[in-house]
Amino acid sequence: MAYLQSMPKSETIKLREKHVGAACQLFFRSSPLKIVRGIAQFMYDETGERYLDCINNVAHVGHCHPHVVEAGRNQMSLISTNNRYLHDELVILAERLVKTMPERLSVCFFVNSGSEANDLALRLARVHTKRNDVITLDHAYHGHLTSMIDVSPYKLNLPGGPEKPEWVHVAPVPDTYRGKYTLPKDSQSEEALGQMYAEEVGKICKEITDRSGGVCAFIAESLQSCGGQIIPPDGYLKRVFEYVREADGVCIADEVQVGFGRVGTHMWAFETQDVVPDIVTMGKPMGNGHPVAAVITTPEIAKSFADTGVEYFNTYGGNPVSCAIANAVLDVIEEERLLERAERVGNHLLARCEKLRHKHRLIGDVRGRGLFVGVELVTDRERRTPATAEAKHVVNRMREEKILISRDGPDSNVLKFKPPMVFSTQDADRLVDTLDRVLAELIERIPVTNIKLEVMVTPLNDEKKKTDNVLNSNIKQSIKAM
């Protein structure tokens with residue numbers, strides 16, 4: 001059935017183009033979707049067409065979950081005010097979040113978004129350490145505020161991106177497939193690669209300490225999302241945290257995209273690396289689409305912040321409605337055992353994607369934890385050449401099949417799957433079966449022999465610069481003709 005809207009899609013597009021900034025991202029810009037309703041893991045457009053949502057890590061417990069909707073509606077009918085008044089929803093939420101954390105992380109600050117959470121985390125670190133230098137990872141994204149763009153190479157690396165500040169130091173992302181150190185090069189174990197990547201951070205810590213006496217902070221997503229669904233090698237964060245703390249810095253774990261049980265085995269992704277951060281940030285899934293986020297830190301860091309005498313106030317952060325919604329999200333995670341579901345369905349999805357890798361040479365790597373999975377497409381497995389144009393085609397074809405996925409990574413060649421936690425094994429099968437068919441179509445139209453010939457004449461050290469060069473024009477023309 002079609003859903004009643006106030007205006008036709010063409011008028012919606014016209015008004016958006018007229019009044020909304022062109023820089024604001026719009027999926028499928030040449031033919032955008034008008035999504036008017038969501039239920040569980042499905043979204044519906046204005047005609048009633050149903051799409052399987054495989055990318056929405058914000059609608060964590062499912063679109064419009066009845067318990068979450070009811071909690072927000074009920075509290076909104078009573079009072080919504082700032083957190084300078086006592087309210088049970090706020091303190092209950094704080095206590096519940098702290099109980100999911102290691103013992104030393106026990107003080108909460110509530111904000112409105114992941115960007116705000118990371119901004120406050122950086123502010124806490126600077127006040128506590130009285131230092132300025134921050135270490136971040138290449139391709140990382142931590143938010144849209146100016147302070148966060150400064151520590152987000154995902155944005156800094158763009159042609160029109162701002163210049164990197166002197167106080168920002170970028171370490172290589174621990175990508176064991178296409179990063180600085182990779183498997184199975186020289187038969188290195190994953191743990192050895194973790195140490196090698198950690199030493200890159202150690203070198204930066206030493207340089208900063210020699211120059212200015214110490215580090216302010218190391219900030220990293222526990223699993224890097226926009227950088228291409230990167231899973232750090234075993235032991236990486238543990239050694240990094242040691243280097244940073246030896247330099248008197250604090251360790252910030254950004255859980256905005258991967259927290260609240262997405263990894264399946266743990267509530268927080270940093271736990272998979274057996275570390276305890278000094279500050280943890282969270283957002284996106286916390287409100288299932290409602291803007292609510294938080295920072296959790298140690299009593300020592302919170303005391304340093306309070307001792308400045310500068311009170312912290314956030315008009316909407318921690319308001320009763322947001323806290324009621326976040327409490328309802330936690331209810332659903334617990335009552336519907338969504339961590340167990342994420343582990344079970346995620347393992348099934350990973351296993352099926354791995355089988356697909358053996359079938360299609362376009363798939364170079366499959367990686368993930370729980371319902372956080374990446375499939376990296378390459379035109380040549382030996383050179384690991386990014387299949388950027390092919391990935392774009394796959395995303396568009398999947399949309400035609402009523403399945404929504406996205407792509408990311410520095411070369412936009414990694415297919416990303418991070419669906420609502422109510423995703424089922426049947427949904428995973430539909431996703432993989434359809435991807436199998438789409439990849440088969442792609443190979444039929446673009447013979448592997450032609451792809452290999454094109455790749456072989458491209459110098460390895462120029463691959464990243466030449467992703468869209470003339471040598472790939474035949475591939476692009478074939479895709480356009482589809």
# chains A, B, ... in the order shown; residues from 1 in each chain; ligands from 1

call {"tool": "select_by_dssp", "arguments": {"residues": "region 286-479 of chain A", "states": "alpha helix (DSSP H)", "output": "PyMOL selection string"}}
result
chain A and resi 299-306+320-335+338-359+388-400+425-445+448-456+473-479

call {"tool": "write_last_selection", "arguments": {"atoms": "C-alpha atoms", "output": "mmCIF file, in the first residue's frame"}}
result
data_model
loop_
_atom_site.group_PDB
_atom_site.id
_atom_site.type_symbol
_atom_site.label_atom_id
_atom_site.label_comp_id
_atom_site.auth_asym_id
_atom_site.auth_seq_id
_atom_site.Cartn_x
_atom_site.Cartn_y
_atom_site.Cartn_z
ATOM 1 C CA PRO A 299 36.231 9.783 38.536
ATOM 2 C CA GLU A 300 39.753 11.242 38.217
ATOM 3 C CA ILE A 301 39.141 12.745 34.796
ATOM 4 C CA ALA A 302 35.682 13.966 35.821
ATOM 5 C CA LYS A 303 37.230 15.632 38.893
ATOM 6 C CA SER A 304 39.829 17.443 36.778
ATOM 7 C CA PHE A 305 36.973 18.799 34.680
ATOM 8 C CA ALA A 306 34.950 19.906 37.712
ATOM 9 C CA PRO A 320 13.860 13.154 30.370
ATOM 10 C CA VAL A 321 12.493 12.193 26.947
ATOM 11 C CA SER A 322 15.913 11.244 25.570
ATOM 12 C CA CYS A 323 16.761 9.292 28.714
ATOM 13 C CA ALA A 324 13.423 7.456 28.690
ATOM 14 C CA ILE A 325 14.029 6.429 25.079
ATOM 15 C CA ALA A 326 17.589 5.292 25.800
ATOM 16 C CA ASN A 327 16.353 3.252 28.772
ATOM 17 C CA ALA A 328 13.784 1.622 26.510
ATOM 18 C CA VAL A 329 16.511 0.728 24.010
ATOM 19 C CA LEU A 330 18.456 -0.991 26.799
ATOM 20 C CA ASP A 331 15.265 -2.830 27.802
ATOM 21 C CA VAL A 332 14.883 -4.236 24.291
ATOM 22 C CA ILE A 333 18.551 -5.210 23.993
ATOM 23 C CA GLU A 334 18.234 -7.188 27.228
ATOM 24 C CA GLU A 335 14.740 -8.643 26.819
ATOM 25 C CA LEU A 338 20.007 -8.961 20.878
ATOM 26 C CA LEU A 339 23.687 -9.577 21.656
ATOM 27 C CA GLU A 340 23.151 -13.299 21.227
ATOM 28 C CA ARG A 341 21.224 -12.641 18.038
ATOM 29 C CA ALA A 342 23.990 -10.400 16.664
ATOM 30 C CA GLU A 343 26.584 -13.098 17.316
ATOM 31 C CA ARG A 344 24.500 -15.903 15.826
ATOM 32 C CA VAL A 345 23.281 -14.041 12.741
ATOM 33 C CA GLY A 346 26.617 -12.273 12.299
ATOM 34 C CA ASN A 347 28.531 -15.554 12.293
ATOM 35 C CA HIS A 348 26.096 -16.925 9.718
ATOM 36 C CA LEU A 349 26.499 -13.828 7.541
ATOM 37 C CA LEU A 350 30.297 -13.945 7.771
ATOM 38 C CA ALA A 351 30.390 -17.635 6.904
ATOM 39 C CA ARG A 352 28.173 -17.138 3.877
ATOM 40 C CA CYS A 353 30.201 -14.129 2.688
ATOM 41 C CA GLU A 354 33.385 -16.168 3.065
ATOM 42 C CA LYS A 355 31.914 -18.866 0.813
ATOM 43 C CA LEU A 356 31.089 -16.126 -1.662
ATOM 44 C CA ARG A 357 34.727 -15.017 -1.587
ATOM 45 C CA HIS A 358 35.802 -18.450 -2.802
ATOM 46 C CA LYS A 359 33.294 -18.203 -5.643
ATOM 47 C CA THR A 388 35.710 1.134 -6.820
ATOM 48 C CA ALA A 389 33.501 1.284 -9.906
ATOM 49 C CA GLU A 390 32.304 -2.265 -9.367
ATOM 50 C CA ALA A 391 31.390 -1.555 -5.742
ATOM 51 C CA LYS A 392 29.324 1.438 -6.825
ATOM 52 C CA HIS A 393 27.522 -0.710 -9.367
ATOM 53 C CA VAL A 394 26.796 -3.406 -6.775
ATOM 54 C CA VAL A 395 25.258 -0.901 -4.344
ATOM 55 C CA ASN A 396 22.985 0.454 -7.074
ATOM 56 C CA ARG A 397 21.981 -3.013 -8.282
ATOM 57 C CA MET A 398 21.183 -4.139 -4.756
ATOM 58 C CA ARG A 399 18.924 -1.115 -4.400
ATOM 59 C CA GLU A 400 17.094 -2.287 -7.539
ATOM 60 C CA THR A 425 19.417 -15.455 9.288
ATOM 61 C CA GLN A 426 16.743 -15.365 6.567
ATOM 62 C CA ASP A 427 17.594 -11.702 5.929
ATOM 63 C CA ALA A 428 21.286 -12.599 5.787
ATOM 64 C CA ASP A 429 20.558 -15.358 3.272
ATOM 65 C CA ARG A 430 18.538 -13.015 1.099
ATOM 66 C CA LEU A 431 21.343 -10.443 1.225
ATOM 67 C CA VAL A 432 24.072 -12.932 0.262
ATOM 68 C CA ASP A 433 22.000 -14.772 -2.355
ATOM 69 C CA THR A 434 21.223 -11.480 -4.074
ATOM 70 C CA LEU A 435 24.824 -10.294 -3.832
ATOM 71 C CA ASP A 436 25.917 -13.610 -5.362
ATOM 72 C CA ARG A 437 23.640 -13.023 -8.334
ATOM 73 C CA VAL A 438 24.691 -9.394 -8.788
ATOM 74 C CA LEU A 439 28.382 -10.285 -8.732
ATOM 75 C CA ALA A 440 27.773 -13.051 -11.256
ATOM 76 C CA GLU A 441 26.070 -10.564 -13.567
ATOM 77 C CA LEU A 442 28.995 -8.209 -13.213
ATOM 78 C CA ILE A 443 31.584 -10.827 -14.115
ATOM 79 C CA GLU A 444 29.532 -11.999 -17.111
ATOM 80 C CA ARG A 445 29.502 -8.483 -18.531
ATOM 81 C CA VAL A 448 37.974 -11.393 -15.763
ATOM 82 C CA THR A 449 40.653 -11.612 -18.473
ATOM 83 C CA ASN A 450 39.975 -8.028 -19.509
ATOM 84 C CA ILE A 451 40.135 -6.810 -15.913
ATOM 85 C CA LYS A 452 43.455 -8.535 -15.282
ATOM 86 C CA LEU A 453 45.009 -7.083 -18.431
ATOM 87 C CA GLU A 454 44.026 -3.591 -17.383
ATOM 88 C CA VAL A 455 45.319 -4.004 -13.850
ATOM 89 C CA MET A 456 48.649 -5.504 -14.916
ATOM 90 C CA SER A 473 37.398 3.177 -18.546
ATOM 91 C CA ASN A 474 36.304 -0.092 -20.158
ATOM 92 C CA ILE A 475 34.948 -1.294 -16.822
ATOM 93 C CA LYS A 476 33.077 1.963 -16.283
ATOM 94 C CA GLN A 477 31.612 1.948 -19.788
ATOM 95 C CA SER A 478 30.384 -1.617 -19.290
ATOM 96 C CA ILE A 479 28.736 -0.662 -16.010
#

call {"tool": "select_by_dssp", "arguments": {"residues": "region 138-374 of chain A", "states": "strand (DSSP E or B)", "output": "number ranges by chain"}}
result
A: 168-171, 217-221, 224, 230, 250-254, 279-282, 288, 290, 293-297, 363-369, 372-374

call {"tool": "write_last_selection", "arguments": {"atoms": "C-alpha atoms", "output": "JSON list (two decimals), in the first residue's frame"}}
result
[["chain", "number", "residue", "atom", "x", "y", "z"],
["A", 168, "VAL", "CA", 47.03, 16.23, 15.17],
["A", 169, "HIS", "CA", 49.22, 13.17, 14.50],
["A", 170, "VAL", "CA", 47.99, 10.42, 12.17],
["A", 171, "ALA", "CA", 49.00, 6.79, 12.69],
["A", 217, "ALA", "CA", 45.02, 11.65, 23.88],
["A", 218, "PHE", "CA", 44.73, 8.76, 21.49],
["A", 219, "ILE", "CA", 41.28, 8.51, 19.90],
["A", 220, "ALA", "CA", 40.07, 5.59, 17.81],
["A", 221, "GLU", "CA", 36.89, 3.80, 16.85],
["A", 224, "GLN", "CA", 36.80, 1.47, 12.22],
["A", 230, "ILE", "CA", 38.47, -2.50, 9.81],
["A", 250, "VAL", "CA", 44.47, 9.25, 27.87],
["A", 251, "CYS", "CA", 42.82, 6.64, 25.65],
["A", 252, "ILE", "CA", 39.45, 7.43, 24.07],
["A", 253, "ALA", "CA", 37.32, 4.60, 22.65],
["A", 254, "ASP", "CA", 34.79, 5.83, 20.09],
["A", 279, "ILE", "CA", 36.99, 7.69, 28.15],
["A", 280, "VAL", "CA", 34.23, 5.98, 26.14],
["A", 281, "THR", "CA", 31.90, 7.80, 23.75],
["A", 282, "MET", "CA", 28.58, 6.52, 22.45],
["A", 288, "ASN", "CA", 17.27, 4.12, 18.10],
["A", 290, "HIS", "CA", 16.37, 9.75, 18.68],
["A", 293, "ALA", "CA", 24.55, 10.28, 23.27],
["A", 294, "ALA", "CA", 26.93, 10.04, 26.21],
["A", 295, "VAL", "CA", 30.50, 10.16, 27.47],
["A", 296, "ILE", "CA", 31.61, 7.83, 30.27],
["A", 297, "THR", "CA", 34.90, 8.39, 32.05],
["A", 363, "ILE", "CA", 35.84, -10.38, -3.42],
["A", 364, "GLY", "CA", 39.30, -9.90, -1.98],
["A", 365, "ASP", "CA", 38.53, -9.94, 1.74],
["A", 366, "VAL", "CA", 35.68, -10.63, 4.16],
["A", 367, "ARG", "CA", 35.92, -9.38, 7.74],
["A", 368, "GLY", "CA", 33.74, -8.47, 10.65],
["A", 369, "ARG", "CA", 32.39, -9.16, 14.11],
["A", 372, "PHE", "CA", 29.45, -5.41, 11.57],
["A", 373, "VAL", "CA", 30.69, -6.94, 8.31],
["A", 374, "GLY", "CA", 32.77, -5.70, 5.39]]

call {"tool": "residues_around", "arguments": {"residues": "Val244 (chain A)", "least_positions_apart": "3", "cutoff": "9 Å", "atoms": "only C-alpha atoms", "output": "ChimeraX atom specification"}}
result
/A:201-202,205,214-218,239-241,247-251

call {"tool": "residues_around", "arguments": {"residues": "Leu415 (chain A)", "least_positions_apart": "5", "cutoff": "7 Å", "atoms": "only C-alpha atoms", "output": "list in words"}}
result
Gly374, Val375, Glu376, Ala391, Ser406, Arg407 and Asp408 of chain A

call {"tool": "residues_around", "arguments": {"residues": "region 45-52 of chain A", "least_positions_apart": "2", "cutoff": "10 Å", "atoms": "only C-alpha atoms", "output": "PyMOL selection string"}}
result
chain A and resi 1-5+8-9+33-43+54-55+398-405+419+423+427+430-431

call {"tool": "residues_around", "arguments": {"residues": "His139 (chain A)", "least_positions_apart": "2", "cutoff": "8 Å", "atoms": "only C-alpha atoms", "output": "compact mmCIF listing (two decimals) with C-alpha atoms, in the first residue's frame"}}
result
# COMPACT_ATOMS: atom_id res chain seq x y z
CA LEU A 137 44.15 6.84 12.88
CA TYR A 141 35.85 9.65 11.27
CA SER A 152 39.14 12.82 11.17
CA PRO A 153 41.45 11.99 8.25
CA TYR A 154 38.37 10.53 6.52
CA LYS A 155 37.48 14.19 5.91
CA ASN A 157 42.12 13.54 3.18
CA VAL A 173 45.07 2.35 10.32
CA CYS A 226 33.99 4.67 7.58
CA GLY A 227 37.58 3.54 7.01
CA GLY A 409 36.82 2.85 2.82
CA PRO A 410 39.50 5.15 1.39

call {"tool": "residues_around", "arguments": {"residues": "Thr315 (chain A)", "least_positions_apart": "4", "cutoff": "8 Å", "atoms": "only C-alpha atoms", "output": "PyMOL selection string"}}
result
chain A and resi 82-83+319
